[in-house]
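Content type TSV, C-alpha atoms, from the file entry.tsv:
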chain	number	residue	atom	x	y	z
A	1	MET	CA	19.92	12.07	-21.47
A	2	LEU	CA	19.38	14.51	-18.58
A	3	ASN	CA	16.74	17.19	-18.84
A	4	ALA	CA	14.93	19.48	-16.44
A	5	HIS	CA	12.51	16.70	-15.50
A	6	ASN	CA	15.02	14.05	-14.42
A	7	LEU	CA	17.82	16.10	-12.87
A	8	PRO	CA	18.99	14.81	-9.46
A	9	ASP	CA	17.36	16.66	-6.58
A	10	LEU	CA	19.45	18.93	-4.38
A	11	ARG	CA	19.12	16.67	-1.36
A	12	VAL	CA	20.85	13.80	-3.17
A	13	LEU	CA	23.52	16.14	-4.54
A	14	SER	CA	24.13	17.47	-1.03
A	15	HIS	CA	24.49	13.88	0.19
A	16	PHE	CA	27.02	13.30	-2.60
A	17	LEU	CA	29.16	16.14	-1.21
A	18	THR	CA	28.91	14.68	2.29
A	19	VAL	CA	30.20	11.32	1.04
A	20	VAL	CA	33.09	13.06	-0.73
A	21	GLU	CA	34.00	15.01	2.41
A	22	ALA	CA	33.61	12.02	4.73
A	23	GLY	CA	35.53	9.63	2.46
A	24	SER	CA	33.16	6.85	3.49
A	25	VAL	CA	29.51	6.06	2.85
A	26	THR	CA	29.19	4.69	6.38
A	27	ARG	CA	30.62	7.83	7.99
A	28	ALA	CA	28.54	10.05	5.71
A	29	ALA	CA	25.38	8.14	6.58
A	30	SER	CA	26.11	8.64	10.27
A	31	MET	CA	26.64	12.37	9.73
A	32	LEU	CA	23.39	12.62	7.74
A	33	ARG	CA	21.52	10.40	10.22
A	34	ILE	CA	20.27	8.01	7.57
A	35	THR	CA	21.05	4.33	7.07
A	36	GLN	CA	24.12	3.23	5.14
A	37	PRO	CA	22.08	1.10	2.66
A	38	ALA	CA	19.77	4.05	1.92
A	39	LEU	CA	22.72	6.35	1.21
A	40	SER	CA	24.42	3.70	-0.91
A	41	ARG	CA	21.24	3.38	-3.02
A	42	GLN	CA	21.14	7.15	-3.46
A	43	MET	CA	24.73	7.21	-4.74
A	44	GLN	CA	24.11	4.23	-7.06
A	45	GLN	CA	20.99	5.87	-8.47
A	46	LEU	CA	22.88	9.13	-8.93
A	47	GLU	CA	25.60	7.33	-10.87
A	48	GLN	CA	22.97	5.59	-13.02
A	49	ARG	CA	21.16	8.85	-13.69
A	50	LEU	CA	24.40	10.62	-14.69
A	51	GLY	CA	25.71	7.61	-16.57
A	52	THR	CA	29.15	7.61	-14.95
A	53	ARG	CA	31.02	6.25	-11.93
A	54	LEU	CA	31.42	8.89	-9.23
A	55	PHE	CA	33.44	6.97	-6.64
A	56	ASP	CA	36.37	4.58	-6.48
A	57	ARG	CA	36.62	2.17	-3.56
A	58	THR	CA	39.68	2.29	-1.28
A	59	THR	CA	40.81	0.18	1.64
A	60	THR	CA	39.35	2.74	4.04
A	61	GLY	CA	36.24	3.86	2.18
A	62	VAL	CA	35.66	5.70	-1.09
A	63	ARG	CA	37.18	8.59	-2.98
A	64	PRO	CA	35.75	10.57	-5.89
A	65	SER	CA	36.60	9.34	-9.37
A	66	SER	CA	37.78	11.79	-12.01
A	67	ALA	CA	34.13	12.38	-12.93
A	68	GLY	CA	33.28	12.83	-9.26
A	69	LEU	CA	36.05	15.39	-8.81
A	70	THR	CA	34.71	17.31	-11.81
A	71	LEU	CA	31.22	17.24	-10.33
A	72	VAL	CA	32.18	18.48	-6.83
A	73	PRO	CA	32.64	22.23	-7.59
A	74	LEU	CA	29.61	22.21	-9.89
A	75	VAL	CA	27.42	20.73	-7.18
A	76	ARG	CA	28.77	23.11	-4.55
A	77	GLY	CA	28.02	26.07	-6.81
A	78	LEU	CA	24.52	24.76	-7.55
A	79	ILE	CA	23.72	24.27	-3.87
A	80	ASP	CA	25.14	27.68	-2.93
A	81	ARG	CA	23.00	29.34	-5.60
A	82	ALA	CA	19.93	27.40	-4.48
A	83	GLU	CA	20.54	28.58	-0.93
A	84	GLY	CA	20.78	32.14	-2.25
A	85	VAL	CA	17.42	31.75	-3.97
A	86	GLN	CA	15.92	30.36	-0.76
A	87	ARG	CA	17.29	33.30	1.22
A	88	ALA	CA	15.86	35.74	-1.31
A	89	VAL	CA	12.44	34.09	-1.14
A	90	GLU	CA	12.50	34.08	2.65
A	91	GLN	CA	13.42	37.77	2.73
A	92	LEU	CA	10.58	38.61	0.35
A	93	THR	CA	8.10	36.45	2.26
A	94	VAL	CA	8.70	38.00	5.66
A	95	ASP	CA	9.53	41.44	4.25
A	96	ALA	CA	12.61	41.51	6.49
A	97	PRO	CA	15.79	43.50	5.86
A	98	VAL	CA	18.43	41.59	3.94
A	99	ARG	CA	21.36	40.35	6.04
A	100	PHE	CA	24.73	39.59	4.49
A	101	ARG	CA	27.71	37.32	5.01
A	102	ALA	CA	31.15	38.81	4.30
A	103	ALA	CA	34.31	36.96	3.27
A	104	CYS	CA	37.59	38.51	4.37
A	105	PRO	CA	40.97	37.85	6.01
A	106	GLU	CA	41.01	37.62	9.80
A	107	ALA	CA	42.69	41.01	10.27
A	108	THR	CA	40.03	42.66	8.10
A	109	VAL	CA	37.30	41.43	10.42
A	110	ARG	CA	39.02	43.11	13.36
A	111	GLY	CA	40.18	46.24	11.58
A	112	VAL	CA	37.27	46.92	9.21
A	113	ILE	CA	34.17	44.73	9.42
A	114	ALA	CA	33.67	44.64	13.20
A	115	PRO	CA	34.13	48.40	13.82
A	116	PHE	CA	32.00	49.21	10.75
A	117	VAL	CA	29.12	47.07	12.05
A	118	ALA	CA	29.51	48.42	15.60
A	119	GLU	CA	29.42	52.05	14.49
A	120	THR	CA	26.80	51.88	11.71
A	121	SER	CA	24.65	48.80	12.48
A	122	ALA	CA	25.44	47.57	8.97
A	123	PRO	CA	23.52	44.40	7.98
A	124	ILE	CA	26.51	42.05	8.11
A	125	THR	CA	25.74	39.13	10.40
A	126	GLY	CA	28.35	36.52	9.47
A	127	THR	CA	31.83	36.08	8.04
A	128	GLU	CA	33.85	33.57	6.05
A	129	ILE	CA	37.44	34.06	7.24
A	130	ASP	CA	40.16	32.96	4.82
A	131	LEU	CA	43.49	33.92	3.29
A	132	ALA	CA	43.33	36.88	0.92
A	133	VAL	CA	44.12	34.66	-2.07
A	134	ARG	CA	40.97	32.61	-1.39
A	135	VAL	CA	38.54	35.29	-0.21
A	136	TYR	CA	36.93	35.95	-3.60
A	137	ASP	CA	36.26	32.23	-4.07
A	138	HIS	CA	33.63	32.50	-1.33
A	139	VAL	CA	31.74	35.16	-3.29
A	140	ILE	CA	32.04	33.29	-6.58
A	141	GLY	CA	30.94	30.08	-4.83
A	142	ARG	CA	28.08	31.95	-3.11
A	143	SER	CA	29.08	30.98	0.43
A	144	ALA	CA	29.42	34.73	1.07
A	145	ASP	CA	27.59	37.73	-0.33
A	146	LEU	CA	30.36	40.31	-0.10
A	147	ALA	CA	34.15	40.14	-0.09
A	148	VAL	CA	36.24	42.74	1.73
A	149	ASN	CA	39.82	42.05	0.79
A	150	THR	CA	43.28	43.46	0.32
A	151	LEU	CA	43.93	41.92	-3.11
A	152	PRO	CA	42.37	43.34	-6.30
A	153	PRO	CA	39.12	41.56	-7.24
A	154	PRO	CA	39.07	39.29	-10.30
A	155	LEU	CA	37.39	40.45	-13.48
A	156	GLY	CA	33.71	39.62	-13.51
A	157	LEU	CA	32.94	40.78	-9.99
A	158	GLU	CA	31.44	44.18	-9.33
A	159	SER	CA	33.77	46.01	-6.97
A	160	GLU	CA	34.76	49.23	-5.26
A	161	LEU	CA	37.97	50.52	-3.70
A	162	ILE	CA	36.73	51.32	-0.21
A	163	ASP	CA	39.88	52.35	1.61
A	164	SER	CA	43.65	52.60	1.67
A	165	ALA	CA	44.96	51.72	5.11
A	166	PRO	CA	48.35	52.97	6.36
A	167	VAL	CA	50.96	50.30	7.05
A	168	GLN	CA	52.92	50.57	10.30
A	169	VAL	CA	56.23	49.35	11.67
A	170	HIS	CA	55.93	48.00	15.22
A	171	VAL	CA	58.96	48.06	17.52
A	172	THR	CA	59.60	47.56	21.23
A	173	PRO	CA	59.75	50.76	23.34
A	174	GLY	CA	63.53	50.53	23.81
A	175	HIS	CA	64.32	50.00	20.14
A	176	PRO	CA	66.40	52.80	18.50
A	177	LEU	CA	63.81	53.15	15.70
A	178	ALA	CA	61.15	54.00	18.29
A	179	GLU	CA	62.65	57.48	18.44
A	180	LEU	CA	61.64	58.18	14.82
A	181	GLU	CA	58.24	59.60	13.85
A	182	SER	CA	58.21	57.47	10.72
A	183	ILE	CA	60.34	54.52	9.62
A	184	ASP	CA	61.49	54.24	6.03
A	185	ALA	CA	62.41	50.99	4.28
A	186	SER	CA	65.99	52.29	4.16
A	187	ASP	CA	65.99	52.48	7.97
A	188	LEU	CA	65.43	48.71	8.11
A	189	VAL	CA	68.77	47.76	6.55
A	190	ASP	CA	70.31	44.85	8.51
A	191	ALA	CA	67.08	44.45	10.52
A	192	SER	CA	65.21	41.23	11.34
A	193	ILE	CA	61.68	41.51	9.93
A	194	ILE	CA	58.42	39.79	10.91
A	195	VAL	CA	55.71	40.03	8.25
A	196	LEU	CA	52.61	38.07	7.30
A	197	ALA	CA	53.02	34.97	5.15
A	198	SER	CA	52.68	35.04	1.38
A	199	GLY	CA	49.09	35.01	0.17
A	200	SER	CA	47.99	38.20	1.89
A	201	GLY	CA	47.49	41.59	0.27
A	202	LEU	CA	49.59	43.16	3.00
A	203	ARG	CA	52.52	40.91	2.16
A	204	GLN	CA	52.42	42.05	-1.47
A	205	VAL	CA	52.43	45.69	-0.39
A	206	VAL	CA	55.27	45.14	2.07
A	207	ASP	CA	57.34	43.19	-0.45
A	208	ARG	CA	57.08	46.07	-2.92
A	209	ALA	CA	58.02	48.61	-0.25
A	210	LEU	CA	61.04	46.57	0.86
A	211	TRP	CA	62.24	45.83	-2.68
A	212	PRO	CA	64.99	48.50	-2.65
A	213	VAL	CA	66.59	46.90	0.45
A	214	ARG	CA	65.58	43.28	-0.19
A	215	ASP	CA	69.18	42.04	-0.06
A	216	ARG	CA	69.93	43.79	3.23
A	217	ILE	CA	67.11	42.58	5.47
A	218	THR	CA	66.31	39.21	7.01
A	219	ILE	CA	62.77	37.88	7.33
A	220	VAL	CA	62.83	35.83	10.53
A	221	ALA	CA	59.13	34.89	10.80
A	222	GLU	CA	56.13	34.76	8.45
A	223	PRO	CA	53.06	33.92	10.56
A	224	SER	CA	49.55	33.96	9.09
A	225	SER	CA	48.19	35.96	12.03
A	226	SER	CA	48.83	39.65	12.79
A	227	ASP	CA	48.40	38.93	16.49
A	228	LEU	CA	51.15	36.33	16.42
A	229	ALA	CA	53.41	38.58	14.34
A	230	MET	CA	53.18	41.30	16.97
A	231	ALA	CA	53.52	38.83	19.83
A	232	LEU	CA	56.80	37.66	18.32
A	233	ALA	CA	57.98	41.23	17.87
A	234	SER	CA	57.18	41.99	21.52
A	235	THR	CA	59.66	39.28	22.55
A	236	GLY	CA	62.45	41.02	20.63
A	237	ALA	CA	62.44	38.46	17.80
A	238	GLY	CA	62.27	41.19	15.15
A	239	ILE	CA	60.49	44.24	13.80
A	240	CYS	CA	56.87	43.69	12.79
A	241	ILE	CA	55.32	45.33	9.74
A	242	ASP	CA	51.51	45.22	9.74
A	243	VAL	CA	48.39	47.23	9.09
A	244	VAL	CA	46.81	46.41	12.47
A	245	GLY	CA	47.43	48.81	15.37
A	246	PRO	CA	50.21	47.94	17.85
A	247	GLN	CA	49.62	45.40	20.62
A	248	PHE	CA	51.58	43.78	23.46
A	249	GLY	CA	53.30	47.03	24.42
A	250	LEU	CA	54.74	47.68	20.96
A	251	ILE	CA	55.05	51.16	19.47
A	252	GLY	CA	53.65	51.79	16.00
A	253	ARG	CA	55.36	54.10	13.56
A	254	THR	CA	54.33	55.17	10.05
A	255	PHE	CA	56.00	52.99	7.39
A	256	THR	CA	57.39	54.74	4.31
A	257	SER	CA	59.32	53.67	1.24
A	258	ASP	CA	61.46	56.28	-0.47
A	259	ARG	CA	59.87	58.62	2.12
A	260	GLN	CA	56.38	57.97	0.68
A	261	ARG	CA	53.77	56.57	3.07
A	262	VAL	CA	53.03	52.90	2.40
A	263	MET	CA	49.30	52.25	2.05
A	264	MET	CA	47.36	49.01	1.62
A	265	PRO	CA	44.26	49.13	-0.62
A	266	ILE	CA	41.06	47.47	0.60
A	267	TYR	CA	38.35	46.41	-1.86
A	268	ALA	CA	34.73	45.33	-1.63
A	269	ALA	CA	33.41	42.95	-4.31
A	270	TRP	CA	30.20	41.07	-5.04
A	271	GLU	CA	28.45	39.20	-7.86
A	272	ALA	CA	26.64	41.54	-10.24
A	273	ASP	CA	23.75	39.05	-10.52
A	274	HIS	CA	23.36	38.60	-6.74
A	275	PHE	CA	19.69	38.75	-5.74
A	276	ALA	CA	20.50	41.77	-3.55
A	277	ALA	CA	23.11	43.41	-5.80
A	278	ASP	CA	21.61	46.87	-5.32
A	279	GLN	CA	21.77	46.54	-1.54
A	280	LEU	CA	25.35	45.26	-1.73
A	281	ARG	CA	26.29	48.24	-3.89
A	282	SER	CA	24.79	50.56	-1.30
A	283	LEU	CA	26.56	48.67	1.49
A	284	ALA	CA	29.91	49.07	-0.29
A	285	GLY	CA	29.21	52.78	-0.67
A	286	ALA	CA	28.42	53.07	3.03
A	287	LEU	CA	31.63	51.23	3.85
A	288	THR	CA	33.62	53.62	1.64
A	289	ALA	CA	32.02	56.66	3.29
A	290	TRP	CA	32.66	55.24	6.76
A	291	SER	CA	36.29	54.47	5.90
A	292	SER	CA	36.91	57.98	4.56
A	293	GLY	CA	35.74	59.45	7.84
A	294	ARG	CA	37.96	57.34	10.07
A	295	VAL	CA	40.63	59.06	12.09
A	296	ARG	CA	44.08	57.83	11.03
A	297	ASP	CA	47.27	58.08	13.04
Kindly present the structure from the file in structure tokens form.
Amino acid sequence: MLNAHNLPDLRVLSHFLTVVEAGSVTRAASMLRITQPALSRQMQQLEQRLGTRLFDRTTTGVRPSSAGLTLVPLVRGLIDRAEGVQRAVEQLTVDAPVRFRAACPEATVRGVIAPFVAETSAPITGTEIDLAVRVYDHVIGRSADLAVNTLPPPLGLESELIDSAPVQVHVTPGHPLAELESIDASDLVDASIIVLASGSGLRQVVDRALWPVRDRITIVAEPSSSDLAMALASTGAGICIDVVGPQFGLIGRTFTSDRQRVMMPIYAAWEADHFAADQLRSLAGALTAWSSGRVRD
């Protein structure tokens, strides 16, 4: 029976994850710069200690057994939390200011995180870039300290609504809609639309705004990148709807639905038991204050 005195050490558990990711003990050993027999012994001893088989052999290497698959997220969470403890100890030891890693979609780095850091010297020194539907997993898994995202945070995370960003319609300069000061969903009837792929907070907002005319528009492209969406629109492939400012010579116009401005909420979220929860709360407050003072078109 396992107890606090005979639990596997973190080094062996980290090696277990490397074998899972490599799909081969030989490849994992090469990545870890240890010998294949030594790594094999570690995995055998781990299986003996846990009392279960963690890997099944394949023609090309190994793959995690059902028990191994169950163990993977638990080990990742344990290692992430251990790294958080190490970071906390290091910060206390050197009495240095705490630095944070933020998880967010790519467009949020460009539109929120980067300008916020540039203008305020906020202590955000790294990012985990992912789709909005996966952003909060980085905070829960402790690979990031703070999430800045366009989807509502799950229950259990401490959070704050930091901003509501205006959504824009981007058209080429010669397009008839470029003459309007704002473009309503009803103005897009029979139009070809370019919008981010499903899985983003922006897509959910745009889908709701376009609902009244859903049967009278055609979505011609659903890229995962705002840059690509606008690049396609600049070629005349369609009208782009995005929250990022216009690029590639496009003209941005306010997007409305039923003549009401369409806005995309942006949230900050973090674990309430994070070692620097108070600092993260203050950082979210600073981000909210900074956002409220931004000049909007």
Item to check | Near-Cys104 of chain A list (9 Å; all atoms listed in the file; drop same-chain fewer than 3 positions) as a list in words | outcome: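 Close residues of Cys104 of chain A: Ala107, Thr108, Val109, Ile113, Thr127, Glu128, Ile129, Asp130, Leu131, Ala132, Arg134, Val135, Tyr136, Leu146, Ala147, Val148, Asn149 and Thr150 of chain A.
Atom CA of Glu271 of chain A sits 25.0 Å away from atom CA of Leu69 of chain A.
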Could you please give me, as a compact mmCIF listing (two decimals) with C-alpha atoms, in the coordinates of the input, the residues of protein, DNA or RNA lying at most 10 Å from (52.7, 42.3, 7.3) in the coordinate frame of the file, considering all atoms listed in the file?
# COMPACT_ATOMS: atom_id res chain seq x y z
CA VAL A 167 50.96 50.30 7.05
CA GLN A 168 52.92 50.57 10.30
CA VAL A 169 56.23 49.35 11.67
CA ILE A 193 61.68 41.51 9.93
CA ILE A 194 58.42 39.79 10.91
CA VAL A 195 55.71 40.03 8.25
CA LEU A 196 52.61 38.07 7.30
CA ALA A 197 53.02 34.97 5.15
CA SER A 198 52.68 35.04 1.38
CA SER A 200 47.99 38.20 1.89
CA GLY A 201 47.49 41.59 0.27
CA LEU A 202 49.59 43.16 3.00
CA ARG A 203 52.52 40.91 2.16
CA GLN A 204 52.42 42.05 -1.47
CA VAL A 205 52.43 45.69 -0.39
CA VAL A 206 55.27 45.14 2.07
CA ASP A 207 57.34 43.19 -0.45
CA GLU A 222 56.13 34.76 8.45
CA PRO A 223 53.06 33.92 10.56
CA SER A 224 49.55 33.96 9.09
CA SER A 225 48.19 35.96 12.03
CA SER A 226 48.83 39.65 12.79
CA ALA A 229 53.41 38.58 14.34
CA MET A 230 53.18 41.30 16.97
CA CYS A 240 56.87 43.69 12.79
CA ILE A 241 55.32 45.33 9.74
CA ASP A 242 51.51 45.22 9.74
CA VAL A 243 48.39 47.23 9.09
CA VAL A 244 46.81 46.41 12.47
Checklist entry - How many Å separate atom CA of Arg99 of chain A from atom CA of Phe16 of chain A? => result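 We find that atom CA of Arg99 of chain A and atom CA of Phe16 of chain A lie 29.0 Å from each other.
Note that the spacing between atom CA of Gly156 of chain A and atom CA of Asp137 of chain A amounts to 12.3 Å.
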Next on the checklist: Given the point (67.1, 46.1, 3.5) in the coordinates of this file, which residues lie within 7 Å, counting only C-alpha atoms, and how would they look as a PyMOL selection string?
Outcome noted: chain A and resi 185-186+188-190+210+212-217
Checklist outcome for this item: Min atom-atom distance to Thr288 of chain A from the set A:Ser164, A:Thr125, A:Thr18, A:Gln48, counting all atoms listed in the file, belongs to A:Ser164
At a cut-off of 9 Å, can you tabulate as CSV every residue of segment 34-71 of chain A near segment 9-15 of chain A together with its closest atom pair and the distance in Å to one decimal, using all atoms listed in the file and ordering rows by chain then number?
residue,atom,partner,partner_atom,distance
A:Leu39,CA,A:His15,CA,7.8
A:Gln42,CA,A:Val12,CA,6.7
A:Met43,CA,A:Val12,CA,7.8
A:Leu46,CA,A:Val12,CA,7.7
Include C-alpha atoms and write out the residues we just selected as a compact mmCIF listing (two decimals), in the frame of the given file.
# COMPACT_ATOMS: atom_id res chain seq x y z
CA LEU A 39 22.72 6.35 1.21
CA GLN A 42 21.14 7.15 -3.46
CA MET A 43 24.73 7.21 -4.74
CA LEU A 46 22.88 9.13 -8.93
Checklist entry - Which one of A:Trp211, A:Gly236, A:Phe255, A:Glu106 sits closest to Leu180 of chain A if you count all atoms listed in the file? => result A:Phe255
Next on the checklist: Just checking: using only C-alpha atoms, which residue out of A:Thr52, A:Gln36, A:Ser257, A:Thr218 ends up closest to Leu71 of chain A?
Outcome noted: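 Comparing A:Thr52, A:Gln36, A:Ser257, A:Thr218 against Leu71 of chain A, the winner is A:Thr52.
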Checklist entry - Which residue, A:Gly174, A:Gly61, A:Gly68, A:Gly249, has the smallest gap to Ala231 of chain A when you use only C-alpha atoms? => result A:Gly249
Next on the checklist: Under the rule that only C-alpha atoms are counted, which of A:Ser66, A:Ala289, A:Thr59, A:Arg253 is the nearest residue to Pro166 of chain A?
Outcome noted: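 Counting only C-alpha atoms, the residue closest to Pro166 of chain A is A:Arg253.
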